[in-house]
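Participant: What follows is run26.csv, made up of CSV, C-alpha atoms:
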```csv
chain,number,residue,atom,x,y,z
A,1,MET,CA,16.1,21.3,9.8
A,2,LYS,CA,12.4,21.3,9.3
A,3,THR,CA,11.1,18.0,10.8
A,4,LEU,CA,7.7,16.5,10.7
A,5,ILE,CA,6.4,13.6,12.9
A,6,ILE,CA,3.9,11.5,11.0
A,7,ILE,CA,1.5,9.4,13.1
A,8,PRO,CA,-0.7,6.9,11.3
A,9,CYS,CA,-3.9,6.5,13.2
A,10,TYR,CA,-6.6,3.9,12.9
A,11,ASN,CA,-9.0,3.6,15.8
A,12,GLU,CA,-6.6,5.0,18.4
A,13,GLN,CA,-9.1,7.0,20.4
A,14,GLU,CA,-7.7,5.9,23.8
A,15,THR,CA,-4.1,6.8,23.1
A,16,ILE,CA,-3.9,9.6,20.5
A,17,THR,CA,-4.4,12.6,22.8
A,18,THR,CA,-1.9,11.3,25.4
A,19,LEU,CA,0.6,10.6,22.7
A,20,TYR,CA,0.1,14.1,21.2
A,21,ASP,CA,0.6,15.7,24.6
A,22,GLU,CA,3.7,13.6,25.2
A,23,ILE,CA,5.1,14.7,21.9
A,24,ARG,CA,4.4,18.4,22.6
A,25,GLU,CA,6.0,18.0,26.0
A,26,LYS,CA,9.2,16.2,24.9
A,27,THR,CA,9.8,17.7,21.4
A,28,SER,CA,9.3,20.8,19.3
A,29,TYR,CA,8.9,19.0,16.0
A,30,ASP,CA,5.7,19.5,13.9
A,31,VAL,CA,3.2,16.7,14.0
A,32,VAL,CA,0.6,15.5,11.6
A,33,VAL,CA,-1.8,12.6,12.4
A,34,ILE,CA,-3.1,10.7,9.4
A,35,ASN,CA,-6.5,9.4,10.4
A,36,ASP,CA,-7.1,6.4,8.2
A,37,CYS,CA,-10.8,6.6,8.1
A,38,SER,CA,-11.1,5.4,11.8
A,39,THR,CA,-14.5,3.9,12.8
A,40,ASP,CA,-14.2,5.0,16.4
A,41,ASP,CA,-14.2,8.6,17.8
A,42,SER,CA,-10.6,9.3,16.6
A,43,ARG,CA,-11.7,11.9,14.1
A,44,ALA,CA,-13.8,13.9,16.5
A,45,ILE,CA,-11.1,13.8,19.1
A,46,LEU,CA,-8.5,15.0,16.6
A,47,ARG,CA,-10.8,17.9,15.6
A,48,ASP,CA,-11.8,18.9,19.1
A,49,GLU,CA,-8.4,18.7,20.6
A,50,ASN,CA,-7.0,20.8,17.7
A,51,ILE,CA,-4.4,18.2,16.8
A,52,PRO,CA,-3.0,18.8,13.3
A,53,HIS,CA,-4.4,16.0,11.2
A,54,ILE,CA,-5.3,14.7,7.7
A,55,ASP,CA,-8.5,12.8,7.4
A,56,LEU,CA,-8.4,10.2,4.6
A,57,PRO,CA,-11.8,9.8,3.0
A,58,LEU,CA,-11.2,6.1,2.4
A,59,ASN,CA,-9.4,3.5,4.5
A,60,LEU,CA,-6.1,3.0,2.7
A,61,GLY,CA,-4.3,0.8,5.3
A,62,ILE,CA,-1.1,1.5,7.1
A,63,GLY,CA,1.0,1.9,4.0
A,64,GLY,CA,-1.3,4.3,2.3
A,65,ALA,CA,-1.7,6.3,5.5
A,66,VAL,CA,2.1,6.7,6.0
A,67,GLN,CA,2.6,7.5,2.4
A,68,THR,CA,0.1,10.3,2.7
A,69,GLY,CA,2.4,11.7,5.4
A,70,TYR,CA,5.4,11.5,3.2
A,71,ARG,CA,3.6,13.2,0.4
A,72,TYR,CA,2.4,15.9,2.7
A,73,ALA,CA,5.9,16.4,4.2
A,74,LEU,CA,7.4,16.7,0.6
A,75,GLN,CA,4.8,19.2,-0.4
A,76,ASN,CA,5.4,21.3,2.7
A,77,ASN,CA,9.2,21.3,2.3
A,78,TYR,CA,10.1,19.3,5.3
A,79,ASP,CA,13.7,18.1,5.4
A,80,ILE,CA,13.0,15.1,7.7
A,81,ALA,CA,9.9,13.0,8.2
A,82,VAL,CA,9.6,10.7,11.2
A,83,GLN,CA,7.2,7.9,11.4
A,84,LEU,CA,5.8,7.1,14.8
A,85,ASP,CA,3.1,4.6,15.6
A,86,GLY,CA,-0.2,5.9,17.1
A,87,ASP,CA,-0.5,3.1,19.7
A,88,GLY,CA,2.2,4.4,22.1
A,89,GLN,CA,4.8,1.8,21.3
A,90,HIS,CA,7.3,4.4,20.3
A,91,ASP,CA,8.7,6.9,22.8
A,92,PRO,CA,8.5,10.5,21.5
A,93,GLY,CA,11.5,11.3,23.8
A,94,GLN,CA,13.7,9.2,21.5
A,95,VAL,CA,12.8,10.9,18.2
A,96,HIS,CA,15.9,13.0,18.4
A,97,LYS,CA,18.0,9.8,18.4
A,98,ILE,CA,16.7,8.6,15.1
A,99,VAL,CA,16.8,12.1,13.6
A,100,ALA,CA,20.4,12.8,14.6
A,101,PRO,CA,22.1,10.7,11.8
A,102,ILE,CA,20.1,12.5,9.2
A,103,GLU,CA,20.8,16.0,10.6
A,104,GLN,CA,24.5,15.1,10.6
A,105,GLY,CA,24.2,13.9,7.0
A,106,THR,CA,25.5,10.4,7.7
A,107,ALA,CA,22.3,8.5,6.7
A,108,ASP,CA,19.2,8.9,4.5
A,109,LEU,CA,16.9,6.5,6.3
A,110,VAL,CA,17.3,5.7,10.0
A,111,ILE,CA,15.5,2.8,11.6
A,112,GLY,CA,14.9,2.7,15.4
A,113,SER,CA,15.8,-0.8,16.4
A,114,ARG,CA,14.8,-2.5,19.7
A,115,TYR,CA,17.3,-5.3,19.0
A,116,LEU,CA,20.6,-3.4,19.1
A,117,ASP,CA,20.7,-2.8,22.8
A,118,LYS,CA,18.1,-5.4,23.6
A,119,VAL,CA,16.3,-3.4,26.2
A,120,GLY,CA,12.7,-2.5,26.6
A,121,PHE,CA,9.8,-4.4,25.0
A,122,GLN,CA,11.2,-7.2,22.8
A,123,SER,CA,8.0,-8.6,21.4
A,124,SER,CA,7.0,-12.3,21.3
A,125,ALA,CA,9.3,-15.2,20.4
A,126,MET,CA,7.3,-15.8,17.2
A,127,ARG,CA,7.7,-12.2,16.0
A,128,ARG,CA,11.3,-12.2,16.9
A,129,ALA,CA,11.8,-15.3,14.8
A,130,GLY,CA,10.1,-13.6,11.9
A,131,ILE,CA,12.2,-10.5,12.3
A,132,LYS,CA,15.4,-12.6,12.4
A,133,PHE,CA,14.3,-14.2,9.1
A,134,PHE,CA,13.8,-10.8,7.5
A,135,LYS,CA,17.2,-9.8,8.8
A,136,PHE,CA,18.7,-12.9,7.1
A,137,LEU,CA,16.8,-12.3,3.9
A,138,ILE,CA,17.9,-8.7,3.6
A,139,TYR,CA,21.4,-9.7,4.5
A,140,CYS,CA,21.5,-12.3,1.7
A,141,LEU,CA,20.1,-9.9,-0.9
A,142,SER,CA,22.0,-6.7,0.0
A,143,GLY,CA,24.8,-7.5,2.6
A,144,LYS,CA,23.2,-5.0,5.0
A,145,ARG,CA,22.3,-6.0,8.5
A,146,ILE,CA,18.9,-4.7,9.5
A,147,THR,CA,18.1,-6.1,12.9
A,148,ASP,CA,14.6,-4.7,13.2
A,149,ALA,CA,13.2,-4.5,9.7
A,150,THR,CA,9.5,-4.3,10.9
A,151,SER,CA,10.1,-1.3,13.0
A,152,GLY,CA,7.7,1.5,12.3
A,153,PHE,CA,9.9,4.0,14.1
A,154,ARG,CA,11.9,5.6,11.4
A,155,ALA,CA,13.3,8.9,10.1
A,156,ALA,CA,13.7,9.7,6.4
A,157,ASN,CA,15.3,12.6,4.5
A,158,ARG,CA,13.8,14.0,1.3
A,159,GLY,CA,15.5,11.5,-1.0
A,160,VAL,CA,13.8,8.6,0.9
A,161,MET,CA,10.5,10.5,1.0
A,162,GLN,CA,10.6,10.9,-2.8
A,163,LEU,CA,11.2,7.2,-3.1
A,164,PHE,CA,8.4,6.3,-0.7
A,165,GLU,CA,6.0,8.7,-2.3
A,166,LYS,CA,6.5,6.8,-5.6
A,167,ASN,CA,6.5,3.3,-4.2
A,168,TYR,CA,5.3,2.1,-0.8
A,169,ALA,CA,3.6,-1.2,0.0
A,170,LYS,CA,0.0,-1.0,1.1
A,171,ASP,CA,0.2,-3.4,4.0
A,172,TYR,CA,3.1,-4.4,6.2
A,173,PRO,CA,5.2,-1.9,4.3
A,174,GLU,CA,8.3,-1.5,6.6
A,175,PRO,CA,10.6,-4.4,5.7
A,176,GLU,CA,9.9,-4.0,1.9
A,177,SER,CA,10.5,-0.3,2.0
A,178,ASN,CA,13.8,-0.7,3.9
A,179,MET,CA,14.9,-3.1,1.2
A,180,LEU,CA,13.8,-0.7,-1.5
A,181,ALA,CA,15.8,2.1,0.1
A,182,ILE,CA,18.9,-0.1,0.2
A,183,SER,CA,18.5,-1.3,-3.4
A,184,ASN,CA,18.1,2.3,-4.5
A,185,LYS,CA,21.5,3.2,-3.1
A,186,LEU,CA,20.3,5.1,-0.1
A,187,ARG,CA,22.2,5.0,3.1
A,188,VAL,CA,20.1,3.1,5.7
A,189,CYS,CA,21.3,2.8,9.3
A,190,GLU,CA,19.9,1.7,12.6
A,191,VAL,CA,20.0,3.3,16.0
A,192,PRO,CA,19.1,1.6,19.3
A,193,VAL,CA,15.8,2.6,20.8
A,194,THR,CA,13.6,1.2,23.5
A,195,MET,CA,10.0,0.4,22.7
A,196,ARG,CA,7.1,0.0,25.0
A,197,GLU,CA,4.2,-2.4,24.9
A,198,ARG,CA,1.3,-1.0,23.0
A,199,GLN,CA,-1.0,1.0,25.1
A,200,GLY,CA,-4.1,0.6,22.9
A,201,GLY,CA,-5.2,-0.7,19.5
A,202,VAL,CA,-4.2,-4.0,18.1
A,203,SER,CA,-1.3,-5.0,15.9
A,204,SER,CA,-2.1,-5.0,12.2
A,205,ILE,CA,-0.4,-8.4,12.0
A,206,LYS,CA,-2.2,-10.2,14.8
A,207,ALA,CA,-5.5,-10.6,13.0
A,208,LEU,CA,-3.9,-12.1,9.9
A,209,GLN,CA,-2.5,-15.4,9.2
A,210,PRO,CA,1.2,-15.4,10.1
A,211,ILE,CA,1.9,-17.6,7.2
A,212,TYR,CA,0.4,-15.2,4.7
A,213,TYR,CA,2.3,-12.4,6.4
A,214,MET,CA,5.6,-14.1,6.1
A,215,ILE,CA,5.2,-15.1,2.5
A,216,LYS,CA,3.8,-11.7,1.4
A,217,VAL,CA,6.6,-9.7,3.1
A,218,SER,CA,9.4,-12.1,2.0
A,219,LEU,CA,8.3,-11.8,-1.6
A,220,GLY,CA,8.0,-8.1,-1.2
A,221,ILE,CA,11.5,-7.9,0.1
A,222,ILE,CA,12.8,-10.0,-2.8
A,223,ILE,CA,11.0,-8.0,-5.4
A,224,SER,CA,12.1,-4.7,-3.8
A,225,SER,CA,15.7,-5.8,-3.9
A,226,THR,CA,15.5,-5.8,-7.7
A,227,MET,CA,13.7,-2.5,-8.1
A,228,ARG,CA,15.3,0.7,-9.2
A,229,VAL,CA,12.8,3.5,-8.9
A,230,LYS,CA,13.2,6.6,-11.1
A,231,ILE,CA,12.6,9.8,-9.3
A,232,THR,CA,11.6,12.8,-11.3
A,233,ASP,CA,10.9,16.2,-9.8
B,1,MET,CA,-18.5,-32.2,-33.6
B,2,LEU,CA,-22.0,-33.0,-32.4
B,3,ILE,CA,-24.8,-31.0,-33.9
B,4,GLU,CA,-26.3,-30.6,-30.4
B,5,LEU,CA,-23.1,-28.9,-29.2
B,6,ARG,CA,-23.1,-26.6,-32.2
B,7,ILE,CA,-26.7,-25.6,-31.6
B,8,ILE,CA,-26.0,-24.9,-27.9
B,9,MET,CA,-22.9,-22.8,-28.9
B,10,ALA,CA,-25.0,-20.8,-31.3
B,11,ILE,CA,-27.8,-20.1,-28.8
B,12,ILE,CA,-25.4,-19.1,-26.0
B,13,THR,CA,-23.5,-16.8,-28.5
B,14,VAL,CA,-26.7,-15.0,-29.5
B,15,ALA,CA,-27.9,-14.7,-26.0
B,16,MET,CA,-24.6,-13.3,-24.8
B,17,LEU,CA,-24.4,-10.9,-27.7
B,18,PHE,CA,-27.8,-9.4,-26.7
B,19,PHE,CA,-26.7,-9.2,-23.1
B,20,PHE,CA,-23.5,-7.3,-24.0
B,21,ILE,CA,-25.4,-4.9,-26.3
B,22,SER,CA,-27.9,-4.2,-23.6
B,23,MET,CA,-25.2,-3.6,-20.9
B,24,LEU,CA,-23.4,-1.3,-23.3
B,25,ARG,CA,-26.5,0.7,-24.0
B,26,LYS,CA,-27.2,1.1,-20.3
B,27,GLN,CA,-23.5,2.1,-19.9
B,28,LYS,CA,-22.9,-0.6,-17.3
B,29,MET,CA,-20.0,-1.9,-19.3
B,30,GLU,CA,-17.3,0.0,-21.1
B,31,LEU,CA,-16.9,-0.9,-24.8
B,32,LYS,CA,-13.1,-0.9,-24.2
B,33,TYR,CA,-13.4,-3.8,-21.7
B,34,CYS,CA,-16.4,-5.4,-23.5
B,35,LEU,CA,-14.6,-5.7,-26.8
B,36,ILE,CA,-12.6,-8.8,-25.8
B,37,TRP,CA,-15.9,-10.7,-25.1
B,38,ILE,CA,-17.4,-9.7,-28.4
B,39,PHE,CA,-14.3,-11.0,-30.1
B,40,ALA,CA,-14.6,-14.2,-28.1
B,41,LEU,CA,-18.2,-14.6,-29.2
B,42,LEU,CA,-17.0,-14.2,-32.8
B,43,GLY,CA,-14.5,-17.0,-32.2
B,44,VAL,CA,-17.2,-19.3,-30.8
B,45,THR,CA,-19.4,-18.5,-33.8
B,46,ILE,CA,-16.7,-19.4,-36.2
B,47,PHE,CA,-16.2,-22.8,-34.5
B,48,ALA,CA,-20.0,-23.4,-34.4
B,49,VAL,CA,-20.3,-22.7,-38.1
B,50,PHE,CA,-17.1,-24.4,-39.3
B,51,PRO,CA,-16.6,-27.3,-36.9
B,52,GLN,CA,-14.0,-28.7,-39.4
B,53,LEU,CA,-11.7,-25.9,-38.1
B,54,LEU,CA,-11.8,-27.5,-34.6
B,55,ASP,CA,-11.1,-30.9,-36.0
B,56,MET,CA,-8.1,-29.6,-37.9
B,57,LEU,CA,-6.8,-27.8,-34.9
B,58,SER,CA,-7.3,-31.0,-32.8
B,59,SER,CA,-5.3,-33.2,-35.1
B,60,LEU,CA,-2.6,-30.5,-35.3
B,61,LEU,CA,-2.3,-30.4,-31.5
B,62,GLY,CA,-2.6,-34.2,-31.2
B,63,ILE,CA,-5.9,-34.1,-29.2
B,64,ALA,CA,-8.2,-37.0,-29.9
B,65,THR,CA,-11.5,-35.3,-29.0
B,66,PRO,CA,-12.2,-31.9,-30.6
B,67,VAL,CA,-14.3,-30.9,-27.5
B,68,PHE,CA,-11.1,-30.9,-25.4
B,69,THR,CA,-9.5,-28.6,-27.8
B,70,LEU,CA,-12.5,-26.3,-27.3
B,71,PHE,CA,-12.0,-26.5,-23.5
B,72,LEU,CA,-8.3,-25.8,-23.9
B,73,ILE,CA,-9.0,-22.7,-25.9
B,74,CYS,CA,-11.6,-21.6,-23.4
B,75,ILE,CA,-9.3,-22.1,-20.4
B,76,ALA,CA,-6.4,-20.3,-22.1
B,77,PHE,CA,-8.7,-17.4,-23.0
B,78,LEU,CA,-10.2,-17.1,-19.5
B,79,THR,CA,-6.7,-17.2,-18.0
B,80,CYS,CA,-5.7,-14.3,-20.2
B,81,VAL,CA,-8.8,-12.3,-19.3
B,82,CYS,CA,-8.2,-12.9,-15.5
B,83,ILE,CA,-4.6,-11.7,-15.7
B,84,GLY,CA,-5.8,-8.7,-17.7
B,85,LEU,CA,-8.3,-7.9,-15.0
B,86,THR,CA,-5.7,-8.3,-12.2
B,87,ILE,CA,-3.6,-5.7,-14.0
B,88,VAL,CA,-6.6,-3.4,-14.4
B,89,VAL,CA,-7.6,-3.8,-10.7
B,90,SER,CA,-4.0,-3.1,-9.6
B,91,ARG,CA,-3.9,0.1,-11.6
B,92,LEU,CA,-7.2,1.2,-10.3
B,93,SER,CA,-6.3,0.6,-6.7
B,94,ASP,CA,-3.1,2.5,-7.2
B,95,ARG,CA,-4.9,5.4,-8.7
B,96,LEU,CA,-7.5,5.4,-6.0
B,97,ASN,CA,-4.8,5.4,-3.4
B,98,LYS,CA,-3.1,8.5,-4.9
B,99,LEU,CA,-6.4,10.3,-5.4
B,100,THR,CA,-7.5,9.7,-1.8
B,101,GLN,CA,-4.2,10.9,-0.5
B,102,ASN,CA,-4.2,14.0,-2.7
B,103,ILE,CA,-7.8,14.9,-1.7
B,104,ALA,CA,-7.0,14.5,2.0
B,105,ILE,CA,-3.9,16.7,1.7
B,106,ALA,CA,-5.8,19.3,-0.3
B,107,LYS,CA,-8.5,19.4,2.4
B,108,ARG,CA,-5.9,19.9,5.1
B,109,GLU,CA,-4.2,22.7,3.2
B,110,SER,CA,-7.6,24.5,2.6
B,111,ASP,CA,-8.5,24.1,6.3
B,112,LYS,CA,-5.1,25.6,7.2
B,113,ASN,CA,-5.7,28.5,4.9
B,114,SER,CA,-9.3,29.1,6.1
B,115,ASN,CA,-8.1,29.0,9.8
B,116,LYS,CA,-5.4,31.6,8.9
B,117,LEU,CA,-8.0,33.8,7.2
B,118,SER,CA,-10.4,33.6,10.1
B,119,ARG,CA,-7.7,34.4,12.5
B,120,GLU,CA,-6.6,37.4,10.4
B,121,SER,CA,-10.1,38.7,10.2
B,122,CYS,CA,-10.4,38.4,14.0
B,123,ASP,CA,-7.2,40.4,14.5
B,124,GLU,CA,-8.5,43.3,12.4
```
Would it be possible to restate this file's structure as structure tokens?

Facilitator:
Amino acid sequence: MKTLIIIPCYNEQETITTLYDEIREKTSYDVVVINDCSTDDSRAILRDENIPHIDLPLNLGIGGAVQTGYRYALQNNYDIAVQLDGDGQHDPGQVHKIVAPIEQGTADLVIGSRYLDKVGFQSSAMRRAGIKFFKFLIYCLSGKRITDATSGFRAANRGVMQLFEKNYAKDYPEPESNMLAISNKLRVCEVPVTMRERQGGVSSIKALQPIYYMIKVSLGIIISSTMRVKITD
Amino acid sequence: MLIELRIIMAIITVAMLFFFISMLRKQKMELKYCLIWIFALLGVTIFAVFPQLLDMLSSLLGIATPVFTLFLICIAFLTCVCIGLTIVVSRLSDRLNKLTQNIAIAKRESDKNSNKLSRESCDE
């Protein structure tokens, strides 16, 4: 199956080359880096190192960047799109794990969860509490247990890509989009992965008020649970 | 209603009307979005010319002071305009998002093709 790894990149000049080399070393999947109008040297590095990339002319935020990747994957007839963060949190050596259920045809969207085996980087207590709350909320709304709804390490088949191309939140998109996939009758499953502490860059959540984040994402999940997106080819 | 208030309303209306016309002529505003303000001015003019209307409306709504009725109408109108603008902004940001993505992808495809072409011409 034709698989594409999508890497959203915003000011990741320190990590992007090492990450790309690591992916090349450990996997044979295609890669595309979505440069979200970085203000550092990311763009020049991507060009000079000959890393396949898409330069967004405007900063769209993480959601818009990842959505570009899904759009590109659809247009280029990829069967599977994998999302992998540009800061080195996700181990390219584990991509095959989250791709496997889709290749076997047992899932449409696979989330790499760090809380199934509880090994590797587990994030701060505050974040874990937030993630537990999302798990509770999604469980109440759908009856599905998603232990790591904020995980940006995911694999999607074409059905999910079409859904995300139509509708994808602009900021903090993961929990909402997981809910959207569930409410649109797609099979969502989790597989255990180990994550690493970020090697560069800053979390998109850190700078913002956690209260705003929790309210926005919770509302997003609730609204997504009521949405049925029509997909037309 | 006080005659002073009516005069102020009339002056503001005329001034705003001129402002809108000049903005439209300079194409800094679209008639489509400006139209609502012109209708609002028309409404203000009607109340300034026929203050009895405001008195009637006030007694109908059970409001003692007609000026408060005017405020109520203004607030309701402004709320509607703001909600309308939020909808317009959301639509614009959605379109901009899509446009940006499509331009970026098209550029990537054309770069891929030109690379392929230059490689082929090197091979020959």

Participant: Could you give me, as a PyMOL selection string, the residues within 8 Å of segment 79-89 of chain A, counting only C-alpha atoms and dropping anything in the same chain fewer than 6 positions from it?

Facilitator: chain A and resi 1-10+12+15-16+19+66+70+73+95+99+102+152-158+161+195-201

Participant: Could you tell me which residues of chain A sit within 7 Å of chain B when counting only C-alpha atoms, and give me the result as a list in words?

Facilitator: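 Written out as asked, the residues are Ile54, Asp55, Leu56, Pro57, Leu58, Leu60, Gly64, Thr68 and Tyr72 of chain A.
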
Participant: By how many Å are atom CA of Phe164 of chain A and atom CA of Ser28 of chain A apart?

Facilitator: 24.7 Å

Participant: When you draw a straight line from atom CA of Tyr115 of chain A to atom CA of Leu186 of chain A, how long is it in Å?

Facilitator: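 Spanning atom CA of Tyr115 of chain A to atom CA of Leu186 of chain A is a straight-line distance of 22.0 Å.
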
Participant: With distances taken over only C-alpha atoms, which residue among B:Ile8, B:Ile83, B:Leu53, B:Val89 lies nearest Pro66 of chain B?

Facilitator: B:Leu53

Participant: Please list as a PyMOL selection string every residue within 10 Å of segment 40-46 of chain B, counting all atoms listed in the file and excluding residues in the same chain fewer than 6 positions away.

Facilitator: chain B and resi 6+9-14+16-17+53-54+70+74+77

Participant: Selection from above, C-alpha atoms, as a short mmCIF file (atom, residue, chain, number, x, y, z; two decimals), in the coordinates of the input, can you write it?

Facilitator:
```cif
data_model
loop_
_atom_site.label_atom_id
_atom_site.label_comp_id
_atom_site.auth_asym_id
_atom_site.auth_seq_id
_atom_site.Cartn_x
_atom_site.Cartn_y
_atom_site.Cartn_z
CA ARG B 6 -23.10 -26.60 -32.20
CA MET B 9 -22.90 -22.80 -28.90
CA ALA B 10 -25.00 -20.80 -31.30
CA ILE B 11 -27.80 -20.10 -28.80
CA ILE B 12 -25.40 -19.10 -26.00
CA THR B 13 -23.50 -16.80 -28.50
CA VAL B 14 -26.70 -15.00 -29.50
CA MET B 16 -24.60 -13.30 -24.80
CA LEU B 17 -24.40 -10.90 -27.70
CA LEU B 53 -11.70 -25.90 -38.10
CA LEU B 54 -11.80 -27.50 -34.60
CA LEU B 70 -12.50 -26.30 -27.30
CA CYS B 74 -11.60 -21.60 -23.40
CA PHE B 77 -8.70 -17.40 -23.00
#
```

Participant: Just the number, please: distance in Å from atom CA of Ser142 of chain A to atom CA of Val188 of chain A, one decimal.

Facilitator: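 The value is 11.5 Å.
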
Participant: Tell me, as a list in words, which residues lie within 7 Å of Ser38 of chain A, counting all atoms listed in the file; anything in the same chain fewer than 4 positions away does not count.

Facilitator: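 In the requested form, the answer reads Tyr10, Asn11, Ser42 and Arg43 of chain A.
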
Participant: With distances taken over only C-alpha atoms, which of A:Thr194, A:Gln13, A:Asn59, A:Ser124 is nearest to His90 of chain A?

Facilitator: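 Smallest separation from His90 of chain A among the options: A:Thr194.
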